[in-house]
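Trainee: Supplied structure: final-v9.cif, mmCIF, C-alpha atoms.
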```cif
data_protein
#
loop_
_atom_site.group_PDB
_atom_site.id
_atom_site.type_symbol
_atom_site.label_atom_id
_atom_site.label_comp_id
_atom_site.auth_asym_id
_atom_site.auth_seq_id
_atom_site.Cartn_x
_atom_site.Cartn_y
_atom_site.Cartn_z
ATOM 1 C CA GLY A 298 -10.216 -12.051 7.301
ATOM 2 C CA GLU A 299 -10.230 -10.406 3.918
ATOM 3 C CA ASN A 300 -8.462 -12.065 0.988
ATOM 4 C CA VAL A 301 -7.834 -10.302 -2.315
ATOM 5 C CA GLU A 302 -6.885 -12.079 -5.529
ATOM 6 C CA GLN A 303 -5.506 -10.078 -8.466
ATOM 7 C CA HIS A 304 -5.053 -11.090 -12.105
ATOM 8 C CA PRO A 305 -3.082 -11.077 -14.274
ATOM 9 C CA SER A 306 0.315 -10.931 -12.591
ATOM 10 C CA THR A 307 1.867 -9.469 -15.748
ATOM 11 C CA LEU A 308 0.271 -7.599 -18.610
ATOM 12 C CA SER A 309 1.851 -6.270 -21.761
ATOM 13 C CA VAL A 310 -0.093 -4.020 -24.127
ATOM 14 C CA GLN A 311 0.676 -1.841 -27.109
ATOM 15 C CA GLU A 312 0.738 1.879 -26.561
ATOM 16 C CA GLY A 313 -2.706 3.287 -27.188
ATOM 17 C CA ASP A 314 -4.504 0.052 -26.377
ATOM 18 C CA SER A 315 -6.538 -0.585 -23.226
ATOM 19 C CA ALA A 316 -5.478 -2.527 -20.150
ATOM 20 C CA VAL A 317 -7.762 -4.302 -17.697
ATOM 21 C CA ILE A 318 -6.786 -5.684 -14.307
ATOM 22 C CA LYS A 319 -9.222 -7.688 -12.209
ATOM 23 C CA CYS A 320 -9.524 -8.374 -8.494
ATOM 24 C CA THR A 321 -11.813 -10.451 -6.344
ATOM 25 C CA TYR A 322 -12.344 -10.132 -2.613
ATOM 26 C CA SER A 323 -13.784 -12.439 -0.015
ATOM 27 C CA ASP A 324 -15.289 -10.280 2.728
ATOM 28 C CA SER A 325 -18.733 -9.012 1.789
ATOM 29 C CA ALA A 326 -18.398 -6.365 4.517
ATOM 30 C CA SER A 327 -15.515 -4.631 2.698
ATOM 31 C CA ASN A 328 -16.606 -1.160 1.669
ATOM 32 C CA TYR A 329 -13.651 0.610 0.082
ATOM 33 C CA PHE A 330 -11.593 -0.450 -2.923
ATOM 34 C CA PRO A 331 -8.578 1.644 -3.937
ATOM 35 C CA TRP A 332 -6.113 1.070 -6.748
ATOM 36 C CA TYR A 333 -2.464 2.011 -6.421
ATOM 37 C CA LYS A 334 0.368 2.497 -8.874
ATOM 38 C CA GLN A 335 3.849 1.718 -7.641
ATOM 39 C CA GLU A 336 7.005 2.638 -9.469
ATOM 40 C CA LEU A 337 10.313 1.012 -8.699
ATOM 41 C CA GLY A 338 11.691 2.017 -5.315
ATOM 42 C CA LYS A 339 8.723 4.194 -4.422
ATOM 43 C CA GLY A 340 5.659 3.949 -2.247
ATOM 44 C CA PRO A 341 2.223 3.215 -3.714
ATOM 45 C CA GLN A 342 0.337 6.133 -5.202
ATOM 46 C CA LEU A 343 -3.455 6.190 -5.226
ATOM 47 C CA ILE A 344 -4.793 6.450 -8.760
ATOM 48 C CA ILE A 345 -8.494 5.833 -8.224
ATOM 49 C CA ASP A 346 -10.818 4.405 -5.615
ATOM 50 C CA ILE A 347 -14.416 3.336 -5.308
ATOM 51 C CA ARG A 348 -16.777 2.930 -2.415
ATOM 52 C CA SER A 349 -19.195 0.056 -2.012
ATOM 53 C CA ASN A 350 -22.262 2.163 -2.770
ATOM 54 C CA VAL A 351 -20.998 3.020 -6.257
ATOM 55 C CA GLY A 352 -20.799 0.721 -9.268
ATOM 56 C CA GLU A 353 -18.433 2.676 -11.475
ATOM 57 C CA LYS A 354 -16.093 5.634 -11.297
ATOM 58 C CA LYS A 355 -14.053 7.306 -13.998
ATOM 59 C CA ASP A 356 -11.190 9.775 -13.973
ATOM 60 C CA GLN A 357 -9.953 10.679 -17.446
ATOM 61 C CA ARG A 358 -8.283 7.549 -18.866
ATOM 62 C CA ILE A 359 -8.806 5.483 -15.729
ATOM 63 C CA ALA A 360 -12.003 3.790 -14.594
ATOM 64 C CA VAL A 361 -12.932 1.306 -11.912
ATOM 65 C CA THR A 362 -15.994 -0.932 -11.797
ATOM 66 C CA LEU A 363 -17.346 -2.756 -8.790
ATOM 67 C CA ASN A 364 -19.702 -5.751 -8.705
ATOM 68 C CA LYS A 365 -20.642 -6.272 -5.081
ATOM 69 C CA THR A 366 -22.742 -9.330 -5.778
ATOM 70 C CA ALA A 367 -19.875 -11.142 -7.434
ATOM 71 C CA LYS A 368 -17.319 -9.502 -5.124
ATOM 72 C CA HIS A 369 -15.021 -8.353 -7.859
ATOM 73 C CA PHE A 370 -13.717 -5.036 -9.107
ATOM 74 C CA SER A 371 -11.660 -4.037 -12.106
ATOM 75 C CA LEU A 372 -9.309 -1.303 -13.247
ATOM 76 C CA HIS A 373 -9.558 -0.068 -16.819
ATOM 77 C CA ILE A 374 -6.880 2.098 -18.401
ATOM 78 C CA THR A 375 -7.626 3.407 -21.884
ATOM 79 C CA GLU A 376 -5.256 4.967 -24.421
ATOM 80 C CA THR A 377 -2.256 3.609 -22.559
ATOM 81 C CA GLN A 378 0.979 5.578 -22.574
ATOM 82 C CA PRO A 379 4.580 4.546 -21.789
ATOM 83 C CA GLU A 380 4.372 6.297 -18.422
ATOM 84 C CA ASP A 381 1.594 3.924 -17.420
ATOM 85 C CA SER A 382 4.207 1.169 -17.112
ATOM 86 C CA ALA A 383 4.405 0.243 -13.426
ATOM 87 C CA VAL A 384 3.104 -2.254 -10.893
ATOM 88 C CA TYR A 385 -0.551 -1.838 -10.010
ATOM 89 C CA PHE A 386 -2.147 -3.078 -6.782
ATOM 90 C CA CYS A 387 -5.782 -3.395 -5.906
ATOM 91 C CA ALA A 388 -6.871 -3.368 -2.283
ATOM 92 C CA ALA A 389 -9.971 -3.894 -0.223
ATOM 93 C CA ARG A 390 -10.676 -2.523 3.188
ATOM 94 C CA GLY A 391 -11.974 -4.912 5.773
ATOM 95 C CA ALA A 392 -12.024 -4.095 9.491
ATOM 96 C CA GLN A 393 -10.186 -0.794 8.956
ATOM 97 C CA LYS A 394 -7.231 -2.503 7.328
ATOM 98 C CA LEU A 395 -6.302 -2.497 3.679
ATOM 99 C CA VAL A 396 -5.578 -5.904 2.200
ATOM 100 C CA PHE A 397 -3.655 -5.844 -1.056
ATOM 101 C CA GLY A 398 -3.778 -8.005 -4.115
ATOM 102 C CA GLN A 399 -0.621 -9.614 -5.422
ATOM 103 C CA GLY A 400 0.058 -6.886 -7.967
ATOM 104 C CA THR A 401 0.133 -6.632 -11.763
ATOM 105 C CA ARG A 402 3.225 -5.581 -13.652
ATOM 106 C CA LEU A 403 1.961 -3.544 -16.591
ATOM 107 C CA THR A 404 4.286 -2.922 -19.509
ATOM 108 C CA ILE A 405 3.334 -0.551 -22.302
ATOM 109 C CA ASN A 406 5.137 -1.352 -25.538
ATOM 110 C CA PRO A 407 5.833 1.610 -27.844
ATOM 111 C CA GLY B 597 -3.210 16.994 -1.007
ATOM 112 C CA ALA B 598 -2.233 14.848 1.938
ATOM 113 C CA VAL B 599 1.480 14.148 2.166
ATOM 114 C CA VAL B 600 3.303 11.554 4.215
ATOM 115 C CA SER B 601 7.040 11.950 4.612
ATOM 116 C CA GLN B 602 9.129 8.885 5.380
ATOM 117 C CA HIS B 603 12.806 8.906 6.347
ATOM 118 C CA PRO B 604 15.324 7.670 5.623
ATOM 119 C CA SER B 605 14.684 6.561 2.056
ATOM 120 C CA TRP B 606 17.391 3.963 2.357
ATOM 121 C CA VAL B 607 19.659 2.673 5.120
ATOM 122 C CA ILE B 608 22.390 0.090 5.428
ATOM 123 C CA CYS B 609 23.172 -1.278 8.856
ATOM 124 C CA LYS B 610 25.276 -4.004 10.384
ATOM 125 C CA SER B 611 23.727 -7.174 11.665
ATOM 126 C CA GLY B 612 22.778 -6.853 15.331
ATOM 127 C CA THR B 613 22.227 -3.099 15.304
ATOM 128 C CA SER B 614 18.929 -1.221 15.455
ATOM 129 C CA VAL B 615 17.426 1.086 12.864
ATOM 130 C CA LYS B 616 14.671 3.684 13.280
ATOM 131 C CA ILE B 617 12.353 4.733 10.464
ATOM 132 C CA GLU B 618 10.190 7.842 10.759
ATOM 133 C CA CYS B 619 6.819 8.497 9.205
ATOM 134 C CA ARG B 620 5.303 11.992 9.371
ATOM 135 C CA SER B 621 2.012 13.331 8.134
ATOM 136 C CA LEU B 622 2.921 16.816 6.917
ATOM 137 C CA ASP B 623 -0.386 18.570 6.421
ATOM 138 C CA PHE B 624 -2.905 16.530 8.356
ATOM 139 C CA GLN B 625 -3.341 14.770 11.644
ATOM 140 C CA ALA B 626 -3.282 11.005 11.603
ATOM 141 C CA THR B 627 -4.796 9.117 14.483
ATOM 142 C CA THR B 628 -3.926 5.858 12.779
ATOM 143 C CA MET B 629 -0.799 4.877 10.899
ATOM 144 C CA PHE B 630 0.064 1.588 9.280
ATOM 145 C CA TRP B 631 3.385 -0.107 8.662
ATOM 146 C CA TYR B 632 3.939 -2.465 5.749
ATOM 147 C CA ARG B 633 6.795 -4.606 4.564
ATOM 148 C CA GLN B 634 7.351 -5.436 0.929
ATOM 149 C CA PHE B 635 9.809 -8.020 -0.368
ATOM 150 C CA PRO B 636 11.049 -7.803 -3.975
ATOM 151 C CA LYS B 637 8.333 -8.461 -6.542
ATOM 152 C CA GLN B 638 5.792 -9.122 -3.825
ATOM 153 C CA SER B 639 2.781 -7.323 -2.450
ATOM 154 C CA LEU B 640 2.543 -5.116 0.617
ATOM 155 C CA MET B 641 2.053 -7.035 3.831
ATOM 156 C CA LEU B 642 0.633 -5.200 6.822
ATOM 157 C CA MET B 643 2.891 -5.487 9.839
ATOM 158 C CA ALA B 644 1.075 -3.385 12.393
ATOM 159 C CA THR B 645 -1.453 -0.664 13.000
ATOM 160 C CA SER B 646 -0.480 2.147 15.323
ATOM 161 C CA ASN B 647 -2.880 4.479 17.058
ATOM 162 C CA GLU B 648 -1.719 7.724 18.596
ATOM 163 C CA GLY B 649 -1.139 7.364 22.299
ATOM 164 C CA SER B 650 -1.727 3.638 22.516
ATOM 165 C CA LYS B 651 0.065 0.376 21.829
ATOM 166 C CA ALA B 652 0.340 -0.845 18.292
ATOM 167 C CA THR B 653 -1.627 -3.824 17.060
ATOM 168 C CA TYR B 654 0.591 -6.333 15.314
ATOM 169 C CA GLU B 655 -0.432 -8.762 12.621
ATOM 170 C CA GLN B 656 -0.059 -12.449 13.229
ATOM 171 C CA GLY B 657 3.505 -13.604 12.813
ATOM 172 C CA VAL B 658 5.096 -10.167 13.325
ATOM 173 C CA GLU B 659 7.411 -10.021 16.329
ATOM 174 C CA LYS B 660 6.412 -7.017 18.392
ATOM 175 C CA ASP B 661 9.668 -7.061 20.358
ATOM 176 C CA LYS B 662 11.651 -6.904 17.151
ATOM 177 C CA PHE B 663 9.615 -4.256 15.361
ATOM 178 C CA LEU B 664 8.967 -1.515 17.898
ATOM 179 C CA ILE B 665 6.351 1.027 16.921
ATOM 180 C CA ASN B 666 5.817 4.351 18.620
ATOM 181 C CA HIS B 667 3.028 6.765 17.710
ATOM 182 C CA ALA B 668 3.563 9.552 20.217
ATOM 183 C CA SER B 669 1.868 12.351 18.299
ATOM 184 C CA LEU B 670 -0.815 12.839 15.677
ATOM 185 C CA THR B 671 1.816 13.487 13.023
ATOM 186 C CA LEU B 672 4.630 11.083 13.812
ATOM 187 C CA SER B 673 5.020 7.328 13.993
ATOM 188 C CA THR B 674 8.320 5.480 14.184
ATOM 189 C CA LEU B 675 9.297 1.901 13.440
ATOM 190 C CA THR B 676 12.464 0.578 15.059
ATOM 191 C CA VAL B 677 13.909 -2.658 13.785
ATOM 192 C CA THR B 678 15.882 -4.031 16.739
ATOM 193 C CA SER B 679 18.819 -6.389 16.454
ATOM 194 C CA ALA B 680 18.465 -6.413 12.693
ATOM 195 C CA HIS B 681 19.486 -9.460 10.691
ATOM 196 C CA PRO B 682 19.901 -9.949 6.938
ATOM 197 C CA GLU B 683 16.442 -11.515 6.695
ATOM 198 C CA ASP B 684 14.993 -8.191 7.880
ATOM 199 C CA SER B 685 16.261 -6.557 4.701
ATOM 200 C CA SER B 686 13.181 -5.302 2.920
ATOM 201 C CA PHE B 687 11.233 -2.259 1.756
ATOM 202 C CA TYR B 688 9.265 -0.746 4.643
ATOM 203 C CA ILE B 689 6.361 1.562 3.875
ATOM 204 C CA CYS B 690 4.145 3.577 6.185
ATOM 205 C CA SER B 691 0.636 4.803 5.546
ATOM 206 C CA ALA B 692 -1.512 7.322 7.365
ATOM 207 C CA SER B 693 -5.232 7.816 7.611
ATOM 208 C CA GLU B 694 -6.443 11.312 8.359
ATOM 209 C CA THR B 695 -8.268 11.729 11.652
ATOM 210 C CA GLY B 696 -12.004 11.701 11.069
ATOM 211 C CA ALA B 697 -11.675 10.646 7.448
ATOM 212 C CA PHE B 698 -13.414 7.411 6.675
ATOM 213 C CA TYR B 699 -11.694 6.850 3.387
ATOM 214 C CA GLY B 700 -8.248 7.464 2.058
ATOM 215 C CA TYR B 701 -4.838 6.209 2.980
ATOM 216 C CA THR B 702 -1.723 8.176 2.076
ATOM 217 C CA PHE B 703 1.510 6.258 1.696
ATOM 218 C CA GLY B 704 5.058 7.318 2.382
ATOM 219 C CA SER B 705 7.807 6.866 -0.171
ATOM 220 C CA GLY B 706 9.242 3.828 1.589
ATOM 221 C CA THR B 707 12.547 2.906 3.230
ATOM 222 C CA ARG B 708 14.913 0.380 1.723
ATOM 223 C CA LEU B 709 16.636 -1.429 4.609
ATOM 224 C CA THR B 710 19.691 -3.529 3.902
ATOM 225 C CA VAL B 711 21.264 -5.456 6.759
ATOM 226 C CA VAL B 712 24.821 -6.637 6.147
#
```
Translate the structure of the given file into structure tokens.

Mentor:
Amino acid sequence: GENVEQHPSTLSVQEGDSAVIKCTYSDSASNYFPWYKQELGKGPQLIIDIRSNVGEKKDQRIAVTLNKTAKHFSLHITETQPEDSAVYFCAARGAQKLVFGQGTRLTINP
Amino acid sequence: GAVVSQHPSWVICKSGTSVKIECRSLDFQATTMFWYRQFPKQSLMLMATSNEGSKATYEQGVEKDKFLINHASLTLSTLTVTSAHPEDSSFYICSASETGAFYGYTFGSGTRLTVV
């Protein structure tokens, strides 16, 4: 089955700087890669996603890149703000099911 | 946008009792719903996939007799934790995929279960 590895587990950046979180997946048949933001005590919220036929997608300060050959994808957050502090999860869909990475706790320092 | 409502948001129950958690898709029909469990500071682990009108498919290691899933309509799935024990205390989250949509999973707000 699919296996997703996510790094780093914690990330601390200064407000205004950029943050990058990386994930690798194992199943070459996976075709959908969403990123979720989870705040304490809440369910995950989709922030951006990318399909396997696209290499890059951007939505304002957030972008995702996908390298199918290397089987890795990354989340880029620019101009970070205090409200970006949360836990971020990557996921890959294999066989209809989403498999999640281990999560990254992002802290934005003012 | 698609909204999934999950209730209750938190529940405390005594050991040995059963607890039911509801997951509703408010503005779309969901043929498939997913149930996850999340322990503190850990990732989401898929417990089971439920399809409307049929039996749920459980992931390896998940006791189907303990975690009863019912998906009787296109907008409602329920998870019942039977004979709950303290080790069942966790954060349970449902997710729904809109019928006919190939992409996109909407998550509920989660239920914090504490068994005392």

Trainee: Determine which residues of chain B sit within 9 Å of chain A, taking into account all atoms listed in the file, and present them as a list in words.

Mentor: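 Result, ordered by chain then number: Phe630, Lys637, Gln638, Ser639, Leu640, Met641, Leu642, Thr645, Phe687, Ile689, Cys690, Tyr699, Gly700, Tyr701, Thr702, Phe703, Gly704, Ser705, Gly706, Thr707 and Arg708 of chain B.
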
Trainee: May I ask for the distance between CA of Val677 in chain B and CA of Ala383 in chain A, given in Å to one decimal place?

Mentor: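 Computed distance, CA of Val677 in chain B to CA of Ala383 in chain A, equals 29.0 Å.
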
Trainee: Taking the file above as input, evaluate the PyMOL selection byres ((chain B and resi 684) around 12) and report the hits as a PyMOL selection string.

Mentor: chain B and resi 608-615+633-635+658-659+662-663+676-683+685-688+708-712

Trainee: Residues near Leu308 in chain A, anyone? I mean within 9 Å using all atoms listed in the file, not counting same-chain ones fewer than 6 positions away, as a ChimeraX atom specification.

Mentor: /A:316-318,401-405

Trainee: Would you mind exporting C-alpha atoms of the selected residues as a PDB file, keeping the file's coordinate frame?

Mentor:
```pdb
ATOM      1  CA  ALA A 316      -5.478  -2.527 -20.150  1.00  0.00           C
ATOM      2  CA  VAL A 317      -7.762  -4.302 -17.697  1.00  0.00           C
ATOM      3  CA  ILE A 318      -6.786  -5.684 -14.307  1.00  0.00           C
ATOM      4  CA  THR A 401       0.133  -6.632 -11.763  1.00  0.00           C
ATOM      5  CA  ARG A 402       3.225  -5.581 -13.652  1.00  0.00           C
ATOM      6  CA  LEU A 403       1.961  -3.544 -16.591  1.00  0.00           C
ATOM      7  CA  THR A 404       4.286  -2.922 -19.509  1.00  0.00           C
ATOM      8  CA  ILE A 405       3.334  -0.551 -22.302  1.00  0.00           C
TER       9      ILE A 405
END
```

Trainee: Evaluate the PyMOL selection byres ((chain B and resi 620) around 7) here and jot the selected residues down as a list of chain:residue names.

Mentor: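 Taken over the shown coordinates, the PyMOL selection byres ((chain B and resi 620) around 7) returns B:Val600, B:Ser601, B:Gln602, B:Glu618, B:Cys619, B:Ser621, B:Leu622, B:Thr671, B:Leu672, B:Ser673.
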